[in-house]
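Peer 1: My file is model-v4.cif. It has mmCIF, C-alpha atoms:
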data_model
loop_
_atom_site.label_atom_id
_atom_site.label_comp_id
_atom_site.auth_asym_id
_atom_site.auth_seq_id
_atom_site.Cartn_x
_atom_site.Cartn_y
_atom_site.Cartn_z
CA MET A 1 -45.73 -53.27 190.42
CA LYS A 2 -42.29 -51.89 189.56
CA ARG A 3 -42.82 -52.60 185.86
CA ILE A 4 -46.21 -50.88 185.83
CA SER A 5 -44.78 -47.86 187.63
CA TYR A 6 -41.91 -47.69 185.15
CA LEU A 7 -44.28 -47.71 182.15
CA LEU A 8 -46.38 -45.03 183.77
CA LEU A 9 -43.32 -42.86 184.27
CA VAL A 10 -42.33 -43.35 180.62
CA CYS A 11 -45.80 -42.25 179.48
CA LEU A 12 -45.73 -39.21 181.74
CA ALA A 13 -42.28 -38.28 180.51
CA PHE A 14 -43.42 -38.56 176.89
CA ALA A 15 -46.40 -36.29 177.58
CA ALA A 16 -44.20 -33.78 179.35
CA CYS A 17 -41.78 -33.68 176.41
CA LYS A 18 -44.56 -33.06 173.88
CA ASP A 19 -44.01 -29.79 172.00
CA LYS A 20 -46.80 -27.46 173.12
CA SER A 21 -45.47 -24.50 171.15
CA LYS A 22 -47.02 -25.89 167.95
CA PHE A 23 -49.89 -28.01 166.76
CA MET A 24 -49.51 -31.04 164.52
CA ILE A 25 -51.82 -32.21 161.73
CA SER A 26 -51.31 -35.69 160.30
CA GLY A 27 -53.44 -36.58 157.31
CA GLU A 28 -54.24 -39.55 155.14
CA PHE A 29 -56.33 -38.91 152.03
CA LYS A 30 -57.62 -41.58 149.71
CA ASN A 31 -57.40 -41.00 145.94
CA ALA A 32 -54.66 -38.39 146.39
CA THR A 33 -52.11 -38.11 143.61
CA PRO A 34 -48.62 -38.82 145.00
CA LYS A 35 -46.36 -35.76 145.02
CA SER A 36 -49.32 -33.44 144.40
CA LYS A 37 -49.62 -30.40 146.67
CA VAL A 38 -51.65 -30.11 149.88
CA TYR A 39 -51.95 -26.72 151.60
CA LEU A 40 -52.53 -25.33 155.08
CA PHE A 41 -54.39 -22.02 155.22
CA GLY A 42 -55.20 -19.69 158.09
CA LEU A 43 -58.45 -17.73 158.22
CA GLN A 44 -58.59 -14.05 159.15
CA LYS A 45 -61.94 -12.32 158.69
CA ASP A 46 -62.76 -12.81 155.01
CA ASN A 47 -59.17 -13.53 154.03
CA VAL A 48 -57.58 -16.95 153.51
CA LEU A 49 -53.86 -16.82 154.30
CA PRO A 50 -51.43 -19.45 152.95
CA LEU A 51 -49.34 -20.79 155.84
CA ASP A 52 -47.62 -23.91 154.57
CA SER A 53 -47.63 -26.56 151.87
CA THR A 54 -46.29 -30.06 151.35
CA VAL A 55 -46.83 -33.00 149.01
CA PHE A 56 -48.70 -36.25 149.39
CA SER A 57 -46.70 -39.41 149.96
CA GLU A 58 -47.30 -42.54 147.91
CA LYS A 59 -49.95 -43.52 150.49
CA GLY A 60 -51.67 -40.13 150.43
CA GLU A 61 -50.16 -39.08 153.74
CA PHE A 62 -48.94 -35.63 154.81
CA LYS A 63 -48.02 -33.66 157.93
CA PHE A 64 -48.11 -30.05 159.01
CA SER A 65 -46.64 -28.36 162.06
CA HIS A 66 -47.58 -24.77 162.86
CA SER A 67 -47.94 -22.40 165.80
CA THR A 68 -50.91 -20.18 166.66
CA PRO A 69 -51.45 -17.52 169.37
CA GLY A 70 -54.68 -19.18 170.48
CA VAL A 71 -57.32 -21.66 169.39
CA ASP A 72 -58.25 -20.77 165.80
CA PHE A 73 -59.58 -21.90 162.44
CA PHE A 74 -57.45 -23.44 159.70
CA ARG A 75 -58.18 -25.05 156.36
CA ILE A 76 -56.60 -28.02 154.61
CA SER A 77 -56.84 -27.77 150.83
CA ALA A 78 -56.02 -30.39 148.19
CA GLY A 79 -57.17 -30.07 144.59
CA ASN A 80 -60.78 -28.86 144.70
CA SER A 81 -61.40 -30.17 148.22
CA GLU A 82 -61.23 -28.10 151.42
CA TYR A 83 -61.57 -29.19 155.04
CA MET A 84 -62.02 -27.03 158.14
CA ILE A 85 -59.78 -27.57 161.16
CA ILE A 86 -59.84 -26.00 164.63
CA ALA A 87 -56.50 -26.17 166.44
CA LYS A 88 -54.39 -24.76 169.25
CA ASN A 89 -50.77 -25.28 170.19
CA GLY A 90 -50.19 -28.71 171.68
CA ASP A 91 -52.90 -30.41 169.60
CA ASP A 92 -52.00 -33.53 167.62
CA ILE A 93 -54.82 -33.78 165.09
CA LYS A 94 -55.54 -36.66 162.73
CA ILE A 95 -57.55 -36.06 159.57
CA SER A 96 -58.68 -38.54 156.93
CA ALA A 97 -60.77 -38.04 153.82
CA ASP A 98 -61.49 -39.33 150.33
CA LEU A 99 -60.73 -36.72 147.66
CA SER A 100 -63.24 -38.38 145.33
CA ASP A 101 -66.12 -37.72 147.79
CA LYS A 102 -68.24 -34.90 146.37
CA ASN A 103 -69.82 -34.32 149.80
CA LEU A 104 -66.35 -33.55 151.23
CA ALA A 105 -66.86 -35.82 154.24
CA TYR A 106 -63.83 -36.12 156.50
CA LYS A 107 -62.89 -37.50 159.91
CA LEU A 108 -61.04 -35.75 162.72
CA SER A 109 -59.58 -36.86 166.03
CA GLY A 110 -56.80 -36.14 168.49
CA ALA A 111 -57.94 -32.92 170.23
CA ALA A 112 -61.01 -31.59 172.05
CA GLU A 113 -62.04 -29.15 169.30
CA ALA A 114 -61.28 -31.72 166.60
CA ASP A 115 -63.54 -34.24 168.34
CA LYS A 116 -66.35 -31.68 168.57
CA LEU A 117 -65.94 -30.72 164.93
CA GLU A 118 -66.05 -34.41 164.02
CA GLU A 119 -69.35 -34.71 165.92
CA LEU A 120 -70.78 -31.84 163.89
CA ASN A 121 -69.43 -33.30 160.64
CA VAL A 122 -71.11 -36.66 161.31
CA THR A 123 -74.46 -34.95 161.79
CA LYS A 124 -74.01 -32.79 158.68
CA HIS A 125 -72.96 -35.77 156.59
CA GLN A 126 -76.07 -37.76 157.55
CA TYR A 127 -78.32 -34.99 156.28
CA MET A 128 -76.19 -34.14 153.24
CA THR A 129 -76.25 -37.79 152.15
CA ARG A 130 -80.06 -37.81 152.21
CA ILE A 131 -80.25 -34.42 150.48
CA ALA A 132 -77.87 -35.62 147.76
CA ALA A 133 -80.00 -38.74 147.27
CA ILE A 134 -83.10 -36.59 146.77
CA GLN A 135 -81.24 -34.44 144.24
CA THR A 136 -80.05 -37.54 142.37
CA GLN A 137 -83.56 -38.95 142.32
CA PHE A 138 -84.88 -35.63 141.01
CA ASP A 139 -82.24 -35.44 138.26
CA GLU A 140 -82.86 -39.02 137.15
CA THR A 141 -86.64 -38.63 137.15
CA VAL A 142 -86.49 -35.38 135.19
CA ALA A 143 -84.08 -36.96 132.69
CA SER A 144 -86.67 -39.64 131.93
CA GLN A 145 -89.66 -37.24 132.06
CA PRO A 146 -88.39 -33.78 131.09
CA GLN A 147 -91.90 -32.60 130.20
CA ASN A 148 -92.96 -33.13 133.84
CA ARG A 149 -90.10 -31.22 135.47
CA ASP A 150 -92.29 -28.70 137.36
CA MET A 151 -94.65 -31.39 138.61
CA ILE A 152 -91.75 -33.57 139.77
CA MET A 153 -90.19 -30.61 141.56
CA GLU A 154 -93.42 -29.88 143.43
CA GLN A 155 -93.75 -33.53 144.40
CA MET A 156 -90.21 -33.74 145.76
CA ARG A 157 -89.95 -30.27 147.29
CA PRO A 158 -91.58 -31.18 150.67
CA LYS A 159 -89.08 -33.96 151.38
CA TYR A 160 -86.15 -31.80 150.25
CA THR A 161 -87.35 -28.89 152.43
CA GLU A 162 -87.83 -31.25 155.37
CA GLU A 163 -84.23 -32.43 155.17
CA ILE A 164 -82.87 -28.87 154.81
CA ASP A 165 -84.92 -27.74 157.82
CA GLY A 166 -83.75 -30.76 159.77
CA LEU A 167 -80.13 -29.99 158.97
CA ASN A 168 -80.49 -26.36 160.05
CA LYS A 169 -82.18 -27.32 163.32
CA ALA A 170 -79.53 -29.94 164.07
CA VAL A 171 -76.74 -27.42 163.38
CA LEU A 172 -78.46 -24.83 165.58
CA LYS A 173 -78.85 -27.33 168.43
CA PHE A 174 -75.19 -28.31 168.17
CA ALA A 175 -74.17 -24.64 168.33
CA GLN A 176 -76.37 -23.99 171.36
CA ASP A 177 -75.17 -27.13 173.15
CA ASN A 178 -71.50 -26.27 172.47
CA SER A 179 -71.31 -22.53 173.02
CA SER A 180 -68.03 -22.92 174.93
CA SER A 181 -66.40 -24.50 171.87
CA LEU A 182 -65.19 -22.90 168.64
CA ALA A 183 -66.86 -25.83 166.89
CA GLY A 184 -70.17 -24.44 168.16
CA PHE A 185 -69.23 -21.01 166.86
CA TYR A 186 -68.39 -22.54 163.48
CA ALA A 187 -71.80 -24.26 163.46
CA ILE A 188 -73.79 -21.09 164.14
CA ASN A 189 -72.07 -19.45 161.18
CA LEU A 190 -73.37 -22.18 158.85
CA LEU A 191 -76.89 -20.79 159.31
CA ASN A 192 -78.53 -18.14 157.14
CA PRO A 193 -78.78 -14.87 159.17
CA SER A 194 -81.97 -13.88 157.35
CA GLU A 195 -83.68 -17.04 158.64
CA TYR A 196 -81.99 -17.43 162.02
CA GLU A 197 -81.36 -13.83 162.99
CA LYS A 198 -82.95 -14.04 166.45
CA GLU A 199 -81.10 -17.24 167.35
CA MET A 200 -77.76 -15.89 166.11
CA VAL A 201 -78.13 -12.64 168.03
CA ALA A 202 -79.01 -14.62 171.19
CA TYR A 203 -75.96 -16.82 170.60
CA SER A 204 -73.72 -13.76 170.30
CA ASP A 205 -74.98 -12.52 173.67
CA LYS A 206 -74.15 -15.93 175.17
CA ILE A 207 -70.51 -15.97 173.95
CA LYS A 208 -69.68 -12.24 174.17
CA SER A 209 -67.16 -12.78 176.99
CA SER A 210 -65.61 -15.88 175.40
CA PHE A 211 -62.85 -16.29 172.79
CA ASN A 212 -61.66 -12.71 173.33
CA ASP A 213 -58.46 -13.35 171.37
CA ASN A 214 -60.18 -14.78 168.29
CA ALA A 215 -60.58 -12.35 165.37
CA ALA A 216 -63.45 -14.29 163.77
CA VAL A 217 -65.47 -14.25 166.99
CA THR A 218 -64.81 -10.54 167.51
CA GLU A 219 -65.99 -9.80 163.98
CA PHE A 220 -69.11 -11.94 164.54
CA LEU A 221 -69.96 -10.08 167.76
CA VAL A 222 -69.65 -6.72 166.00
CA LYS A 223 -71.84 -7.96 163.15
CA MET A 224 -74.49 -9.33 165.51
CA ALA A 225 -74.54 -6.07 167.48
CA LYS A 226 -75.38 -4.26 164.24
CA LEU A 227 -77.97 -6.90 163.36
CA LYS A 228 -79.52 -6.53 166.82
CA ALA A 229 -80.17 -2.89 166.00
CA LEU A 230 -82.15 -4.05 162.96
CA GLN A 231 -84.53 -6.40 164.76
CA ILE A 232 -88.29 -5.96 164.72
CA GLY A 233 -89.31 -3.20 167.13
CA GLN A 234 -86.08 -1.22 166.71
CA GLN A 235 -85.84 2.22 165.17
CA ALA A 236 -84.63 1.84 161.59
CA PRO A 237 -81.18 3.45 161.15
CA ASP A 238 -81.41 6.74 159.28
CA PHE A 239 -79.43 7.28 156.09
CA THR A 240 -78.91 9.67 153.22
CA ILE A 241 -78.68 8.19 149.74
CA ASN A 242 -78.79 9.46 146.17
CA GLY A 243 -82.03 9.01 144.30
CA LEU A 244 -82.32 7.83 140.72
CA ASP A 245 -81.93 11.47 139.63
CA GLY A 246 -78.70 11.86 141.62
CA LYS A 247 -80.27 14.08 144.28
CA PRO A 248 -79.86 13.04 147.94
CA MET A 249 -82.84 11.75 149.92
CA LYS A 250 -83.14 10.76 153.56
CA LEU A 251 -85.10 8.00 155.23
CA THR A 252 -86.63 10.68 157.45
CA ASP A 253 -88.20 12.17 154.30
CA PHE A 254 -90.63 9.23 154.45
CA LYS A 255 -91.59 9.70 158.09
CA GLY A 256 -95.35 9.62 158.59
CA LYS A 257 -95.84 6.79 156.10
CA TYR A 258 -95.62 3.04 156.19
CA VAL A 259 -92.60 2.43 153.97
CA LEU A 260 -91.17 -0.78 152.58
CA LEU A 261 -87.39 -0.57 152.13
CA ASP A 262 -86.77 -2.98 149.26
CA PHE A 263 -83.15 -3.95 148.59
CA TRP A 264 -82.92 -5.40 145.07
CA ALA A 265 -80.99 -5.29 141.77
CA SER A 266 -81.74 -5.64 138.07
CA TRP A 267 -79.47 -8.74 137.86
CA CYS A 268 -81.22 -10.51 140.76
CA MET A 269 -83.77 -12.93 139.27
CA PRO A 270 -85.59 -13.62 142.60
CA CYS A 271 -85.95 -9.84 142.96
CA ARG A 272 -87.39 -9.47 139.48
CA GLN A 273 -89.78 -12.38 140.11
CA GLU A 274 -90.97 -10.69 143.31
CA ASN A 275 -91.49 -7.29 141.67
CA PRO A 276 -95.03 -8.06 140.38
CA ASN A 277 -96.07 -8.74 143.99
CA LEU A 278 -94.62 -5.40 145.08
CA VAL A 279 -96.37 -3.62 142.21
CA LYS A 280 -99.68 -5.17 143.28
CA ALA A 281 -99.13 -4.23 146.94
CA TYR A 282 -98.11 -0.68 146.04
CA ASN A 283 -101.11 -0.11 143.78
CA THR A 284 -103.49 -1.58 146.37
CA TYR A 285 -102.24 0.31 149.44
CA LYS A 286 -100.63 3.52 148.17
CA GLY A 287 -103.83 5.33 149.07
CA LYS A 288 -103.57 4.04 152.65
CA ASN A 289 -100.38 5.83 153.69
CA PHE A 290 -98.09 3.16 152.22
CA THR A 291 -95.14 3.53 149.87
CA VAL A 292 -92.01 1.71 148.74
CA LEU A 293 -88.41 2.90 148.62
CA GLY A 294 -86.39 0.71 146.29
CA ILE A 295 -82.68 0.61 147.11
CA SER A 296 -80.72 -0.87 144.23
CA LEU A 297 -77.44 -2.75 144.48
CA ASP A 298 -76.83 -2.23 140.76
CA LYS A 299 -73.48 -0.91 139.58
CA ASP A 300 -74.78 -0.29 136.06
CA LEU A 301 -77.04 2.78 136.04
CA GLY A 302 -78.51 1.89 132.64
CA ALA A 303 -79.46 -1.65 133.66
CA TRP A 304 -81.03 -0.28 136.85
CA LYS A 305 -83.16 2.25 134.96
CA ASN A 306 -84.20 -0.31 132.35
CA ALA A 307 -85.36 -2.76 135.03
CA ILE A 308 -87.43 -0.07 136.73
CA ALA A 309 -89.15 0.72 133.44
CA ALA A 310 -89.60 -2.91 132.40
CA ASP A 311 -91.10 -3.96 135.76
CA GLN A 312 -93.19 -0.76 136.06
CA LEU A 313 -91.89 0.16 139.50
CA ALA A 314 -93.66 3.47 140.09
CA TRP A 315 -92.22 4.29 143.53
CA SER A 316 -89.12 6.15 144.75
CA HIS A 317 -85.73 4.67 143.90
CA ALA A 318 -82.24 5.19 145.28
CA GLY A 319 -78.87 3.48 145.01
CA GLU A 320 -75.14 3.77 145.54
CA LEU A 321 -73.92 1.84 142.46
CA LYS A 322 -71.61 -0.19 144.71
CA ASP A 323 -73.18 -3.65 144.83
CA PHE A 324 -73.02 -5.01 148.42
CA GLU A 325 -70.40 -2.41 149.44
CA GLY A 326 -72.66 0.65 149.50
CA PRO A 327 -72.84 2.43 152.90
CA THR A 328 -76.61 2.00 153.22
CA VAL A 329 -76.45 -1.64 152.15
CA ARG A 330 -73.76 -2.29 154.75
CA LEU A 331 -75.66 -0.30 157.39
CA TYR A 332 -78.61 -2.65 156.95
CA GLN A 333 -76.38 -5.74 156.95
CA ILE A 334 -77.60 -6.90 153.53
CA GLU A 335 -75.90 -10.14 152.50
CA ALA A 336 -78.52 -11.47 150.09
CA ILE A 337 -81.31 -9.99 148.03
CA PRO A 338 -84.21 -9.51 147.86
CA SER A 339 -84.27 -8.18 151.42
CA SER A 340 -86.86 -5.82 152.84
CA PHE A 341 -87.83 -3.90 155.97
CA LEU A 342 -91.38 -2.64 156.58
CA LEU A 343 -91.35 0.51 158.72
CA ASP A 344 -94.22 2.15 160.58
CA PRO A 345 -94.91 5.93 160.30
CA ASN A 346 -92.49 6.57 163.20
CA GLY A 347 -89.68 4.70 161.48
CA LYS A 348 -89.77 1.57 163.62
CA ILE A 349 -89.24 -1.84 162.02
CA LEU A 350 -92.56 -3.71 161.86
CA ALA A 351 -91.52 -6.73 159.78
CA LYS A 352 -88.72 -8.06 157.61
CA ASN A 353 -88.51 -9.96 154.33
CA LEU A 354 -92.25 -10.21 153.73
CA ARG A 355 -92.97 -11.47 150.23
CA GLY A 356 -95.91 -12.44 148.07
CA GLU A 357 -98.96 -13.51 150.05
CA GLU A 358 -97.23 -12.79 153.39
CA LEU A 359 -96.76 -9.13 152.43
CA GLU A 360 -100.34 -8.87 151.18
CA ALA A 361 -101.74 -10.40 154.38
CA PHE A 362 -99.61 -8.20 156.64
CA LEU A 363 -100.54 -5.00 154.83
CA ASN A 364 -104.20 -5.94 154.76
CA LYS A 365 -104.14 -6.52 158.52
CA THR A 366 -102.05 -3.43 159.34
CA LEU A 367 -103.36 -0.76 156.97
CA ARG A 368 -107.01 -0.48 157.85
#
Output the file's structure as structure tokens, nothing else.

Peer 2:
Amino acid sequence: MKRISYLLLVCLAFAACKDKSKFMISGEFKNATPKSKVYLFGLQKDNVLPLDSTVFSEKGEFKFSHSTPGVDFFRISAGNSEYMIIAKNGDDIKISADLSDKNLAYKLSGAAEADKLEELNVTKHQYMTRIAAIQTQFDETVASQPQNRDMIMEQMRPKYTEEIDGLNKAVLKFAQDNSSSLAGFYAINLLNPSEYEKEMVAYSDKIKSSFNDNAAVTEFLVKMAKLKALQIGQQAPDFTINGLDGKPMKLTDFKGKYVLLDFWASWCMPCRQENPNLVKAYNTYKGKNFTVLGISLDKDLGAWKNAIAADQLAWSHAGELKDFEGPTVRLYQIEAIPSSFLLDPNGKILAKNLRGEELEAFLNKTLR
């Protein structure tokens, strides 16, 4: 009994002496070039901040020690590979990876958040492996039958889409099941806001009193609050913007009409491919109190005007010539284009991102 008690005391003493003013990261990477650099970065909003660097040992090993005010996100970078870490002072995290792995799979252990992130990574890797296999099969099949590329794509699209949908649902479930963890917060940010807006807004409401000292969470909450104001049923935010002729126009100028706010650009191929559908909808329903206001993200005035002429876009046009940084674009939280908002005559948001047959069906049902 005395020996057991002595060992227990030694273990407790070791734990008590552990430095809790810093966190430790110990790594072992396969296929790392000895003496090549490995970096530790911090993440603040959209900025990646270099914090420390070291070199790989002959066995591909490295160590970092760093302090942080609270639990936060960090990134390990080596060559073209990057790996996300969540850490707080007192953590002793182990990370292993293979730098030759194109899927960037890696293993974590040694701390609560690291274990949760590892759980998410395992799930992601399972789906990404299957998705990569489908892509490889597609590439190989097309290489042997290049004349049948479109047919092969249509044949393989359902399985590819199924795996992508499965991945997104698994990531969403992980986020919802782990809302008290920063790993859950990291997961929710892997989703596309245009597809999972409602779920992301609901998630923000769930965590609004958590992680008060984390800058990334604070920024997310602010962003989701703005996105909440753009949900279906809300009054569309008013704005003033310069028209194609340089004269200012307001959203309220269109009050009394059903108006489709179409965010697009001349350089955006999906936008240009969708334009024939918008032209058809406009020509069909312009006599039924419907119009379109095109808001361009172009920075080149000439390219913008040429695209309008080439695609025969006969409706009102406006833009700020500032890409994604224009005030109206930021007001409407546009992160990808094409994006659209269909407003009723009172300026309330009826629908979002309707395209092709969906837009036609909605207008046909609504504009009677």

Peer 1: If the PyMOL selection byres ((chain A and resi 348) around 8) were run on this exact file, what residues would it hold? Put them as a PyMOL selection string.

Peer 2: chain A and resi 232-236+343-347+349-350

Peer 1: Using C-alpha atoms, can you write the selected residues to a file as a PDB file, keeping the file's coordinate frame?

Peer 2:
ATOM      1  CA  ILE A 232     -88.290  -5.960 164.720  1.00  0.00           C
ATOM      2  CA  GLY A 233     -89.310  -3.200 167.130  1.00  0.00           C
ATOM      3  CA  GLN A 234     -86.080  -1.220 166.710  1.00  0.00           C
ATOM      4  CA  GLN A 235     -85.840   2.220 165.170  1.00  0.00           C
ATOM      5  CA  ALA A 236     -84.630   1.840 161.590  1.00  0.00           C
ATOM      6  CA  LEU A 343     -91.350   0.510 158.720  1.00  0.00           C
ATOM      7  CA  ASP A 344     -94.220   2.150 160.580  1.00  0.00           C
ATOM      8  CA  PRO A 345     -94.910   5.930 160.300  1.00  0.00           C
ATOM      9  CA  ASN A 346     -92.490   6.570 163.200  1.00  0.00           C
ATOM     10  CA  GLY A 347     -89.680   4.700 161.480  1.00  0.00           C
ATOM     11  CA  ILE A 349     -89.240  -1.840 162.020  1.00  0.00           C
ATOM     12  CA  LEU A 350     -92.560  -3.710 161.860  1.00  0.00           C
TER      13      LEU A 350
END

Peer 1: The PyMOL selection byres ((chain A and resi 72) around 9) on the file shown: which residues, as a compact mmCIF listing (two decimals) with C-alpha atoms, in the coordinates of the input?

Peer 2:
# COMPACT_ATOMS: atom_id res chain seq x y z
CA GLY A 42 -55.20 -19.69 158.09
CA LEU A 43 -58.45 -17.73 158.22
CA THR A 68 -50.91 -20.18 166.66
CA PRO A 69 -51.45 -17.52 169.37
CA GLY A 70 -54.68 -19.18 170.48
CA VAL A 71 -57.32 -21.66 169.39
CA PHE A 73 -59.58 -21.90 162.44
CA PHE A 74 -57.45 -23.44 159.70
CA ILE A 85 -59.78 -27.57 161.16
CA ILE A 86 -59.84 -26.00 164.63
CA ALA A 87 -56.50 -26.17 166.44
CA LYS A 88 -54.39 -24.76 169.25
CA LEU A 182 -65.19 -22.90 168.64
CA ASN A 214 -60.18 -14.78 168.29
CA ALA A 215 -60.58 -12.35 165.37
CA ALA A 216 -63.45 -14.29 163.77

Peer 1: On this file, the PyMOL selection byres ((chain A and resi 90-102) around 6) gives some set of residues; write that set as a count of residues only.

Peer 2: 21

Peer 1: Could you jot down the CA of Phe62 in chain A to CA of Tyr186 in chain A separation for me, Å, one decimal place?

Peer 2: 25.0 Å

Peer 1: So that I can see what lies close to range 146-159 of chain A, please list as a PyMOL selection string the residues with an atom at most 10 Å from it, counting all atoms listed in the file and leaving out residues fewer than 3 positions away in the same chain.

Peer 2: chain A and resi 130-131+134-135+137-143+162-165

Peer 1: Name the closest residue to Ser204 in chain A among the candidates A:Ser179, A:Asn192, A:Asn168, A:Ser339; distances are taken between atoms, counting only C-alpha atoms.

Peer 2: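 Going through A:Ser179, A:Asn192, A:Asn168, A:Ser339 one by one, the smallest distance to Ser204 in chain A is for A:Ser179.
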
Peer 1: Between CA of Asn121 in chain A and CA of Ala187 in chain A, what distance in Å does the model show, to one decimal?

Peer 2: 9.8 Å
